[in-house]
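Note: the block below is model.cif and it holds mmCIF, C-alpha atoms.
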data_coords
loop_
_atom_site.group_PDB
_atom_site.id
_atom_site.type_symbol
_atom_site.label_atom_id
_atom_site.label_comp_id
_atom_site.auth_asym_id
_atom_site.auth_seq_id
_atom_site.Cartn_x
_atom_site.Cartn_y
_atom_site.Cartn_z
ATOM 1 C CA MET N 1 0.000 0.000 0.000
ATOM 2 C CA ALA N 2 2.856 2.392 0.857
ATOM 3 C CA VAL N 3 4.461 1.684 -2.512
ATOM 4 C CA LEU N 4 1.130 2.268 -4.258
ATOM 5 C CA ASN N 5 0.633 5.559 -2.417
ATOM 6 C CA ARG N 6 4.124 6.726 -3.403
ATOM 7 C CA LEU N 7 3.403 5.767 -7.025
ATOM 8 C CA ILE N 8 0.140 7.720 -7.006
ATOM 9 C CA ILE N 9 1.881 10.758 -5.468
ATOM 10 C CA CYS N 10 4.685 10.586 -8.036
ATOM 11 C CA ARG N 11 2.204 10.328 -10.909
ATOM 12 C CA SER N 12 0.202 13.242 -9.493
ATOM 13 C CA ALA N 13 3.334 15.348 -9.169
ATOM 14 C CA ALA N 14 4.371 14.495 -12.729
ATOM 15 C CA SER N 15 0.903 15.378 -14.012
ATOM 16 C CA LEU N 16 1.022 18.688 -12.172
ATOM 17 C CA ARG N 17 4.454 19.503 -13.598
ATOM 18 C CA ASN N 18 3.219 18.639 -17.105
ATOM 19 C CA PHE N 19 0.110 20.757 -16.586
ATOM 20 C CA CYS N 20 2.167 23.722 -15.336
ATOM 21 C CA THR N 21 4.627 23.336 -18.210
ATOM 22 C CA GLU N 22 1.824 23.120 -20.787
ATOM 23 C CA SER N 23 0.081 26.135 -19.221
ATOM 24 C CA ALA N 24 3.313 28.137 -19.267
ATOM 25 C CA GLU N 25 3.955 27.108 -22.882
ATOM 26 C CA ALA N 26 0.436 28.136 -23.892
ATOM 27 C CA GLY N 27 0.826 31.472 -22.117
ATOM 28 C CA LEU N 28 4.195 32.035 -23.761
ATOM 29 C CA ARG N 29 2.759 31.244 -27.202
ATOM 30 C CA ARG N 30 -0.024 33.785 -26.622
ATOM 31 C CA ALA N 31 2.502 36.405 -25.490
ATOM 32 C CA SER N 32 4.782 35.679 -28.470
ATOM 33 C CA SER N 33 1.857 36.045 -30.857
ATOM 34 C CA ALA N 34 0.987 39.375 -29.228
ATOM 35 C CA LEU N 35 4.598 40.522 -29.626
ATOM 36 C CA SER N 36 4.562 39.641 -33.323
ATOM 37 C CA SER N 37 1.277 41.501 -33.801
ATOM 38 C CA ALA N 38 2.625 44.560 -31.966
ATOM 39 C CA LEU N 39 5.547 44.959 -34.365
ATOM 40 C CA PRO N 40 4.807 46.826 -37.629
ATOM 41 C CA VAL N 41 4.513 44.838 -40.842
ATOM 42 C CA GLY N 42 7.498 45.107 -43.164
ATOM 43 C CA ASN N 43 10.006 45.964 -40.468
ATOM 44 C CA SER N 44 12.975 44.326 -42.184
ATOM 45 C CA LYS N 45 16.273 46.174 -42.329
ATOM 46 C CA GLY N 46 16.416 49.341 -44.397
ATOM 47 C CA LYS N 47 12.696 49.666 -45.194
ATOM 48 C CA GLY N 48 11.838 53.047 -43.753
ATOM 49 C CA ARG N 49 12.392 52.301 -40.096
ATOM 50 C CA GLY N 50 14.838 53.339 -37.422
ATOM 51 C CA VAL N 51 17.440 51.119 -35.836
ATOM 52 C CA GLN N 52 16.368 48.040 -33.898
ATOM 53 C CA TRP N 53 18.987 47.684 -31.202
ATOM 54 C CA VAL N 54 19.216 45.787 -27.943
ATOM 55 C CA PHE N 55 21.179 46.753 -24.831
ATOM 56 C CA LEU N 56 22.539 43.982 -22.602
ATOM 57 C CA GLY N 57 24.339 44.435 -19.297
ATOM 58 C CA CYS N 58 24.093 43.765 -15.573
ATOM 59 C CA PRO N 59 21.487 45.626 -13.506
ATOM 60 C CA GLY N 60 22.890 49.050 -12.664
ATOM 61 C CA VAL N 61 25.522 49.108 -15.417
ATOM 62 C CA GLY N 62 23.916 52.131 -17.067
ATOM 63 C CA LYS N 63 21.891 50.601 -19.903
ATOM 64 C CA GLY N 64 19.101 53.116 -19.353
ATOM 65 C CA THR N 65 21.430 56.116 -19.405
ATOM 66 C CA TYR N 66 23.172 55.249 -22.667
ATOM 67 C CA ALA N 67 20.077 53.795 -24.342
ATOM 68 C CA ALA N 68 18.145 56.999 -23.571
ATOM 69 C CA ARG N 69 20.944 59.138 -25.030
ATOM 70 C CA LEU N 70 21.080 57.043 -28.191
ATOM 71 C CA SER N 71 17.281 57.104 -28.396
ATOM 72 C CA SER N 72 17.349 60.902 -28.447
ATOM 73 C CA LEU N 73 20.254 61.004 -30.905
ATOM 74 C CA LEU N 74 18.739 58.514 -33.361
ATOM 75 C CA GLY N 75 15.073 59.448 -32.962
ATOM 76 C CA VAL N 76 13.787 56.016 -31.924
ATOM 77 C CA PRO N 77 11.943 55.050 -28.723
ATOM 78 C CA HIS N 78 13.858 53.707 -25.755
ATOM 79 C CA ILE N 79 11.878 50.806 -24.291
ATOM 80 C CA ALA N 80 13.105 49.615 -20.895
ATOM 81 C CA THR N 81 11.404 46.532 -19.508
ATOM 82 C CA GLY N 82 12.407 47.618 -15.987
ATOM 83 C CA ASP N 83 10.379 50.811 -16.467
ATOM 84 C CA LEU N 84 7.446 48.775 -17.797
ATOM 85 C CA VAL N 85 7.530 46.615 -14.670
ATOM 86 C CA ARG N 86 7.699 49.653 -12.360
ATOM 87 C CA GLN N 87 4.776 51.238 -14.225
ATOM 88 C CA GLU N 88 2.743 48.077 -13.754
ATOM 89 C CA LEU N 89 3.612 48.099 -10.052
ATOM 90 C CA SER N 90 2.486 51.721 -9.720
ATOM 91 C CA PHE N 91 -0.868 50.961 -11.370
ATOM 92 C CA ARG N 92 -1.616 48.394 -8.647
ATOM 93 C CA GLY N 93 -3.174 46.152 -11.268
ATOM 94 C CA PRO N 94 -3.677 42.383 -11.075
ATOM 95 C CA LEU N 95 0.032 41.717 -11.629
ATOM 96 C CA SER N 96 1.361 44.193 -9.076
ATOM 97 C CA SER N 97 1.510 41.969 -5.984
ATOM 98 C CA GLN N 98 3.051 39.081 -7.930
ATOM 99 C CA LEU N 99 5.621 41.395 -9.507
ATOM 100 C CA ALA N 100 6.444 43.039 -6.177
ATOM 101 C CA ASP N 101 7.399 39.687 -4.641
ATOM 102 C CA ILE N 102 9.621 38.781 -7.598
ATOM 103 C CA VAL N 103 11.350 42.182 -7.794
ATOM 104 C CA ASN N 104 11.989 42.471 -4.066
ATOM 105 C CA GLN N 105 13.736 39.083 -4.095
ATOM 106 C CA GLY N 106 15.930 39.987 -7.074
ATOM 107 C CA LYS N 107 14.460 37.159 -9.177
ATOM 108 C CA LEU N 108 13.798 37.162 -12.925
ATOM 109 C CA ILE N 109 10.248 37.821 -14.105
ATOM 110 C CA SER N 110 8.744 35.126 -16.318
ATOM 111 C CA ASP N 111 9.036 35.317 -20.102
ATOM 112 C CA GLU N 112 5.267 35.431 -20.457
ATOM 113 C CA ILE N 113 4.830 38.513 -18.243
ATOM 114 C CA ILE N 114 7.759 40.425 -19.760
ATOM 115 C CA ILE N 115 6.699 39.689 -23.349
ATOM 116 C CA ASP N 116 3.120 40.705 -22.557
ATOM 117 C CA LEU N 117 4.276 44.063 -21.099
ATOM 118 C CA LEU N 118 6.626 44.619 -24.046
ATOM 119 C CA SER N 119 3.886 43.827 -26.562
ATOM 120 C CA LYS N 120 1.608 46.463 -25.033
ATOM 121 C CA ARG N 121 4.396 49.072 -25.188
ATOM 122 C CA LEU N 122 5.160 48.230 -28.839
ATOM 123 C CA GLU N 123 1.469 48.527 -29.692
ATOM 124 C CA ASP N 124 1.492 52.025 -28.167
ATOM 125 C CA ALA N 125 4.612 52.867 -30.202
ATOM 126 C CA GLN N 126 2.946 51.667 -33.401
ATOM 127 C CA ALA N 127 -0.152 53.741 -32.650
ATOM 128 C CA LYS N 128 2.078 56.816 -32.221
ATOM 129 C CA GLY N 129 3.830 56.156 -35.529
ATOM 130 C CA GLU N 130 7.177 55.397 -33.883
ATOM 131 C CA MET N 131 9.565 53.331 -35.994
ATOM 132 C CA GLY N 132 12.470 51.297 -34.675
ATOM 133 C CA PHE N 133 13.440 50.895 -31.021
ATOM 134 C CA ILE N 134 16.230 50.463 -28.522
ATOM 135 C CA LEU N 135 15.359 47.663 -26.113
ATOM 136 C CA ASP N 136 16.824 47.812 -22.611
ATOM 137 C CA GLY N 137 16.481 44.746 -20.371
ATOM 138 C CA PHE N 138 15.099 42.398 -23.017
ATOM 139 C CA PRO N 139 15.954 39.704 -23.945
ATOM 140 C CA ARG N 140 17.411 38.225 -20.757
ATOM 141 C CA THR N 141 17.164 34.559 -21.711
ATOM 142 C CA VAL N 142 17.950 32.588 -24.858
ATOM 143 C CA ARG N 143 14.269 31.770 -25.116
ATOM 144 C CA GLN N 144 13.375 35.448 -25.175
ATOM 145 C CA ALA N 145 16.132 36.073 -27.751
ATOM 146 C CA GLU N 146 14.783 33.290 -29.978
ATOM 147 C CA ILE N 147 11.252 34.692 -29.746
ATOM 148 C CA LEU N 148 12.474 38.188 -30.608
ATOM 149 C CA GLU N 149 14.540 36.927 -33.562
ATOM 150 C CA GLY N 150 11.482 35.020 -34.758
ATOM 151 C CA VAL N 151 9.334 38.144 -35.083
ATOM 152 C CA THR N 152 11.783 40.909 -36.084
ATOM 153 C CA ASP N 153 15.289 41.652 -37.326
ATOM 154 C CA ILE N 154 17.613 42.930 -34.594
ATOM 155 C CA ASP N 155 20.435 45.000 -36.110
ATOM 156 C CA LEU N 156 22.863 45.254 -33.196
ATOM 157 C CA VAL N 157 23.229 44.095 -29.592
ATOM 158 C CA ILE N 158 25.367 46.307 -27.318
ATOM 159 C CA ASN N 159 26.699 44.520 -24.247
ATOM 160 C CA LEU N 160 27.804 47.027 -21.586
ATOM 161 C CA LYS N 161 30.340 45.797 -19.026
ATOM 162 C CA LEU N 162 31.600 47.276 -15.757
ATOM 163 C CA ARG N 163 33.733 45.959 -12.894
ATOM 164 C CA GLU N 164 31.596 44.265 -10.242
ATOM 165 C CA GLU N 165 32.793 46.446 -7.345
ATOM 166 C CA ALA N 166 31.829 49.542 -9.323
ATOM 167 C CA LEU N 167 28.468 47.971 -10.254
ATOM 168 C CA ILE N 168 27.541 47.284 -6.637
ATOM 169 C CA ALA N 169 28.552 50.792 -5.553
ATOM 170 C CA LYS N 170 26.513 52.303 -8.400
ATOM 171 C CA CYS N 171 23.401 50.307 -7.509
ATOM 172 C CA LEU N 172 23.603 51.228 -3.829
ATOM 173 C CA GLY N 173 24.100 54.897 -4.750
ATOM 174 C CA ARG N 174 21.038 55.174 -7.006
ATOM 175 C CA ARG N 175 18.427 57.735 -5.985
ATOM 176 C CA ILE N 176 15.145 58.888 -7.534
ATOM 177 C CA CYS N 177 13.414 62.230 -7.044
ATOM 178 C CA SER N 178 9.978 61.432 -5.649
ATOM 179 C CA GLU N 179 8.540 64.548 -7.268
ATOM 180 C CA CYS N 180 9.995 64.802 -10.800
ATOM 181 C CA GLY N 181 11.136 61.173 -11.237
ATOM 182 C CA GLY N 182 14.715 62.194 -12.079
ATOM 183 C CA ASN N 183 17.440 59.556 -11.642
ATOM 184 C CA TYR N 184 20.617 60.430 -9.740
ATOM 185 C CA ASN N 185 23.539 58.673 -8.082
ATOM 186 C CA VAL N 186 25.265 59.766 -4.888
ATOM 187 C CA ALA N 187 28.140 57.251 -5.150
ATOM 188 C CA CYS N 188 31.632 58.585 -5.857
ATOM 189 C CA ILE N 189 33.571 55.642 -7.293
ATOM 190 C CA ASP N 190 37.355 55.841 -7.359
ATOM 191 C CA ILE N 191 39.094 52.497 -7.974
ATOM 192 C CA LYS N 192 42.879 52.561 -8.048
ATOM 193 C CA SER N 193 44.804 50.956 -10.884
ATOM 194 C CA GLU N 194 46.044 47.448 -10.136
ATOM 195 C CA ASP N 195 46.981 44.231 -11.925
ATOM 196 C CA GLY N 196 47.393 46.115 -15.172
ATOM 197 C CA ARG N 197 43.891 47.613 -15.042
ATOM 198 C CA PRO N 198 43.668 51.422 -15.239
ATOM 199 C CA ARG N 199 42.196 53.602 -12.538
ATOM 200 C CA MET N 200 38.435 54.033 -12.766
ATOM 201 C CA TYR N 201 36.792 57.231 -11.599
ATOM 202 C CA MET N 202 33.047 57.774 -11.743
ATOM 203 C CA PRO N 203 31.859 61.015 -10.114
ATOM 204 C CA PRO N 204 28.429 61.188 -8.479
ATOM 205 C CA LEU N 205 25.465 62.373 -10.513
ATOM 206 C CA LEU N 206 24.001 64.777 -7.975
ATOM 207 C CA PRO N 207 20.485 66.252 -8.153
ATOM 208 C CA PRO N 208 19.688 69.954 -8.547
ATOM 209 C CA PRO N 209 18.952 71.830 -5.294
ATOM 210 C CA GLN N 210 15.178 71.558 -5.701
ATOM 211 C CA CYS N 211 15.381 67.748 -5.707
ATOM 212 C CA GLU N 212 17.891 67.213 -2.875
ATOM 213 C CA SER N 213 15.277 66.842 -0.116
ATOM 214 C CA LYS N 214 13.026 64.609 -2.223
ATOM 215 C CA LEU N 215 15.441 61.776 -3.022
ATOM 216 C CA ILE N 216 14.322 58.222 -2.343
ATOM 217 C CA THR N 217 15.998 54.837 -2.725
ATOM 218 C CA ARG N 218 14.440 52.018 -4.730
ATOM 219 C CA SER N 219 13.131 49.310 -2.404
ATOM 220 C CA ASP N 220 15.139 46.634 -4.252
ATOM 221 C CA ASP N 221 18.457 48.526 -4.048
ATOM 222 C CA THR N 222 19.809 46.752 -0.983
ATOM 223 C CA GLU N 223 23.195 45.030 -0.993
ATOM 224 C CA GLU N 224 21.641 41.584 -0.597
ATOM 225 C CA VAL N 225 19.193 42.055 -3.461
ATOM 226 C CA VAL N 226 21.784 43.742 -5.698
ATOM 227 C CA LYS N 227 24.215 40.840 -5.299
ATOM 228 C CA GLU N 228 21.423 38.333 -5.976
ATOM 229 C CA ARG N 229 20.404 40.237 -9.120
ATOM 230 C CA LEU N 230 24.003 40.164 -10.353
ATOM 231 C CA ARG N 231 24.325 36.439 -9.630
ATOM 232 C CA VAL N 232 21.086 35.619 -11.453
ATOM 233 C CA TYR N 233 21.965 37.891 -14.364
ATOM 234 C CA ASN N 234 25.457 36.437 -14.804
ATOM 235 C CA ASP N 235 24.047 32.894 -14.811
ATOM 236 C CA MET N 236 21.487 33.782 -17.470
ATOM 237 C CA SER N 237 23.451 36.253 -19.589
ATOM 238 C CA ARG N 238 26.291 34.136 -20.954
ATOM 239 C CA PRO N 239 24.072 32.006 -23.234
ATOM 240 C CA VAL N 240 22.307 35.167 -24.501
ATOM 241 C CA GLU N 241 25.649 36.826 -25.263
ATOM 242 C CA GLU N 242 26.766 33.699 -27.127
ATOM 243 C CA PHE N 243 23.438 33.593 -29.004
ATOM 244 C CA TYR N 244 24.097 37.035 -30.506
ATOM 245 C CA ARG N 245 27.874 36.579 -30.792
ATOM 246 C CA SER N 246 27.345 33.530 -32.992
ATOM 247 C CA ARG N 247 25.128 35.650 -35.258
ATOM 248 C CA GLY N 248 27.703 38.439 -35.565
ATOM 249 C CA LYS N 249 25.436 40.979 -33.833
ATOM 250 C CA LEU N 250 27.209 41.460 -30.483
ATOM 251 C CA LEU N 251 29.248 44.573 -29.673
ATOM 252 C CA GLU N 252 30.985 44.259 -26.284
ATOM 253 C CA PHE N 253 31.819 47.588 -24.663
ATOM 254 C CA ASP N 254 33.745 47.989 -21.386
ATOM 255 C CA LEU N 255 32.744 51.215 -19.671
ATOM 256 C CA PRO N 256 35.997 53.056 -18.897
ATOM 257 C CA GLY N 257 34.577 55.501 -16.344
ATOM 258 C CA GLY N 258 31.856 58.104 -15.939
ATOM 259 C CA ILE N 259 29.314 59.265 -18.509
ATOM 260 C CA PRO N 260 31.376 61.997 -20.270
ATOM 261 C CA GLU N 261 34.292 59.650 -20.952
ATOM 262 C CA SER N 262 32.214 56.550 -21.706
ATOM 263 C CA TRP N 263 29.675 58.323 -23.933
ATOM 264 C CA GLN N 264 32.263 59.613 -26.394
ATOM 265 C CA LYS N 265 33.996 56.232 -26.590
ATOM 266 C CA LEU N 266 30.692 54.436 -27.098
ATOM 267 C CA LEU N 267 29.784 56.807 -29.939
ATOM 268 C CA HIS N 268 33.176 56.107 -31.521
ATOM 269 C CA ALA N 269 32.568 52.335 -31.241
ATOM 270 C CA LEU N 270 29.186 52.819 -32.966
ATOM 271 C CA ASN N 271 30.578 55.162 -35.653
ATOM 272 C CA LEU N 272 28.239 57.920 -34.474
ATOM 273 C CA ASP N 273 28.734 61.605 -33.682
ATOM 274 C CA ASP N 274 26.822 63.766 -31.201
ATOM 275 C CA HIS N 275 27.368 67.383 -32.249
ATOM 276 C CA ASP N 276 25.009 68.706 -29.558
ATOM 277 C CA ASP N 277 26.989 66.927 -26.833
ATOM 278 C CA LYS N 278 30.253 68.396 -28.145
ATOM 279 C CA ARG N 279 28.778 71.891 -28.211
ATOM 280 C CA THR N 280 27.561 71.456 -24.628
ATOM 281 C CA ALA N 281 30.967 70.243 -23.498
ATOM 282 C CA ALA N 282 32.694 73.156 -25.189
ATOM 283 C CA ALA N 283 30.337 75.758 -23.744
#
Would it be possible to restate this file's structure as structure tokens?
Amino acid sequence: MAVLNRLIICRSAASLRNFCTESAEAGLRRASSALSSALPVGNSKGKGRGVQWVFLGCPGVGKGTYAARLSSLLGVPHIATGDLVRQELSFRGPLSSQLADIVNQGKLISDEIIIDLLSKRLEDAQAKGEMGFILDGFPRTVRQAEILEGVTDIDLVINLKLREEALIAKCLGRRICSECGGNYNVACIDIKSEDGRPRMYMPPLLPPPQCESKLITRSDDTEEVVKERLRVYNDMSRPVEEFYRSRGKLLEFDLPGGIPESWQKLLHALNLDDHDDKRTAAA
């Protein structure tokens, strides 16, 4: 009888796993179909659209900063899945409590949820007549990369890299103005040269006086959660990097320091020029 009971339990567990897997697969297929529908027809390379780029990089590396700058320079929307998640959390919709638990633990959000949020944002972009995009935070898994490749043509994938000690300091120094939503960083990072690596200096990005008293820290920017996010990302990122490297689409870029230094070198790596930035620097 004990053996029979164990057999029944095992079969029940297997059935449940199969059911969950099939349900997840069905949900993912629906989300993938929505993503395909959200992208404009005839979006192949060179046919009247802007660039279709992807930014990879650890949480806190600065994907949002550089993607936003390139978005403005190239005239294409910057779509950050992290922002989409935070917007969903602020709406307090049906997903908010589930997302809050995942985010606060530093875990990865499921493919189905991320693709669904991305599809909605792309639909909005299409309705506004926006063409092209710079994706920030997607794809994070090979599965997501395969789905994206299946529905559109990605031109370039930029993989930003930064030393881990600098990454952790940056994440812990992040601040947001509770009134205007501006992003700042109070960390002053100064890493001495050693083992053949050059000195790295990243000055703080301080807020204007009117925002100083309104700065808040993201709830998930604790040292424990930051380190867990980095661990999870590193485990998941290598196959994604290899996926795009094997297709000749990966540009790896090591951030040498703060924004002024890194921005110019990134533009050079992309064969771009920002005349407005040069005029501002010269002023």
Discussion item. Need to verify the contact set: segment 239-252 of chain N, 10 Å, only C-alpha atoms, exclusion of same-chain residues closer than 3 positions in sequence. Can you return it as a PyMOL selection string?
Written reply: chain N and resi 53-57+139-146+154-161+234-236+255+269-270
Practice prompt. Would you work out the distance separating atom CA of Lys170 of chain N from atom CA of Cys188 of chain N, expressed in Å to one decimal?
Written response: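 We find that atom CA of Lys170 of chain N and atom CA of Cys188 of chain N lie 8.5 Å from each other.
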Item to complete: Evaluate the PyMOL selection byres ((chain N and resi 264) around 12) here and jot the selected residues down as a PyMOL selection string.
Response: chain N and resi 66+69-70+255-263+265-275+277-278+281
Listing only residues of segment 70-89 of chain N within 7 Å of segment 132-135 of chain N, what is the closest atom pair and its distance in Å (to one decimal) for each, using only C-alpha atoms, sorted by chain and residue number ascending, as a tab-separated table?
residue	atom	partner	partner_atom	distance
N:Ser71	CA	N:Ile134	CA	6.7
N:Val76	CA	N:Phe133	CA	5.2
N:Pro77	CA	N:Phe133	CA	5.0
N:His78	CA	N:Ile134	CA	4.9
N:Ile79	CA	N:Leu135	CA	5.0
N:Ala80	CA	N:Leu135	CA	6.0
Item to complete: Provide the atom CA of Asp153 of chain N to atom CA of Gly50 of chain N distance in Å, to one decimal place.
Response: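 Separation between atom CA of Asp153 of chain N and atom CA of Gly50 of chain N: 11.7 Å.
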Worksheet item: Could you pull the residues within 10 Å of Cys58 of chain N, counting only C-alpha atoms, minus those fewer than 5 positions along the same chain, as number ranges by chain?
Response: N: 63, 137, 159-162, 164, 167, 229-234, 237
Fill in: Explicit residue set for the PyMOL selection byres ((chain N and resi 191) around 10), as a VMD selection string
chain N and resid 163 165 to 166 188 to 190 192 to 194 197 to 202 257
Item to complete: Might you spell out which residues the PyMOL selection byres ((chain N and resi 185) around 8) would select in the displayed file, as a list of chain:residue names?
Response: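 Going through the file, the PyMOL selection byres ((chain N and resi 185) around 8) ends up selecting N:Lys170, N:Gly173, N:Arg174, N:Arg175, N:Asn183, N:Tyr184, N:Val186, N:Ala187, N:Pro204, N:Leu205, N:Leu206.
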Item to complete: Have a look at atom CA of Gly150 of chain N and atom CA of Gln126 of chain N and let me know their distance in Å, one decimal.
Response: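 Taking atom CA of Gly150 of chain N as the start and atom CA of Gln126 of chain N as the end point, the length is 18.8 Å.
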Item to complete: Tell me which of N:Leu73, N:Phe138, N:Ile176, N:Gln210 sits closest to Ser119 of chain N, counting all atoms listed in the file.
Response: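 Comparing N:Leu73, N:Phe138, N:Ile176, N:Gln210 against Ser119 of chain N, the winner is N:Phe138.
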Discussion item. Ranking N:Pro208, N:Pro94, N:Gly196, N:Gly64 by minimum distance to Cys177 of chain N and counting only C-alpha atoms, which one comes first?
Written reply: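 Of all the options, N:Pro208 lies closest to Cys177 of chain N.
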Item to complete: Compare N:Cys171, N:Cys211, N:Ile114, N:Ile102 by their minimum atom-to-atom distance to Glu223 of chain N, counting all atoms listed in the file, and give me the closest one.
Response: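 The shortest atom-to-atom distance to Glu223 of chain N comes from N:Cys171.
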Would you compute, for all listed atoms of segment 263-275 of chain N, the axis-aligned bounding box grown by 3 Å on each side, and then report its centre and edge lengths in Å rounded to one decimal, as AutoDock Vina command-line options?
--center_x 30.4 --center_y 59.9 --center_z -29.8 --size_x 13.2 --size_y 21.0 --size_z 17.7
Fill in: Which residue of N:Ile147, N:Asp124, N:Glu130, N:Gln98 approaches Asp111 of chain N most closely, using all atoms listed in the file
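Under the stated criterion, the closest residue is N:Ile147.
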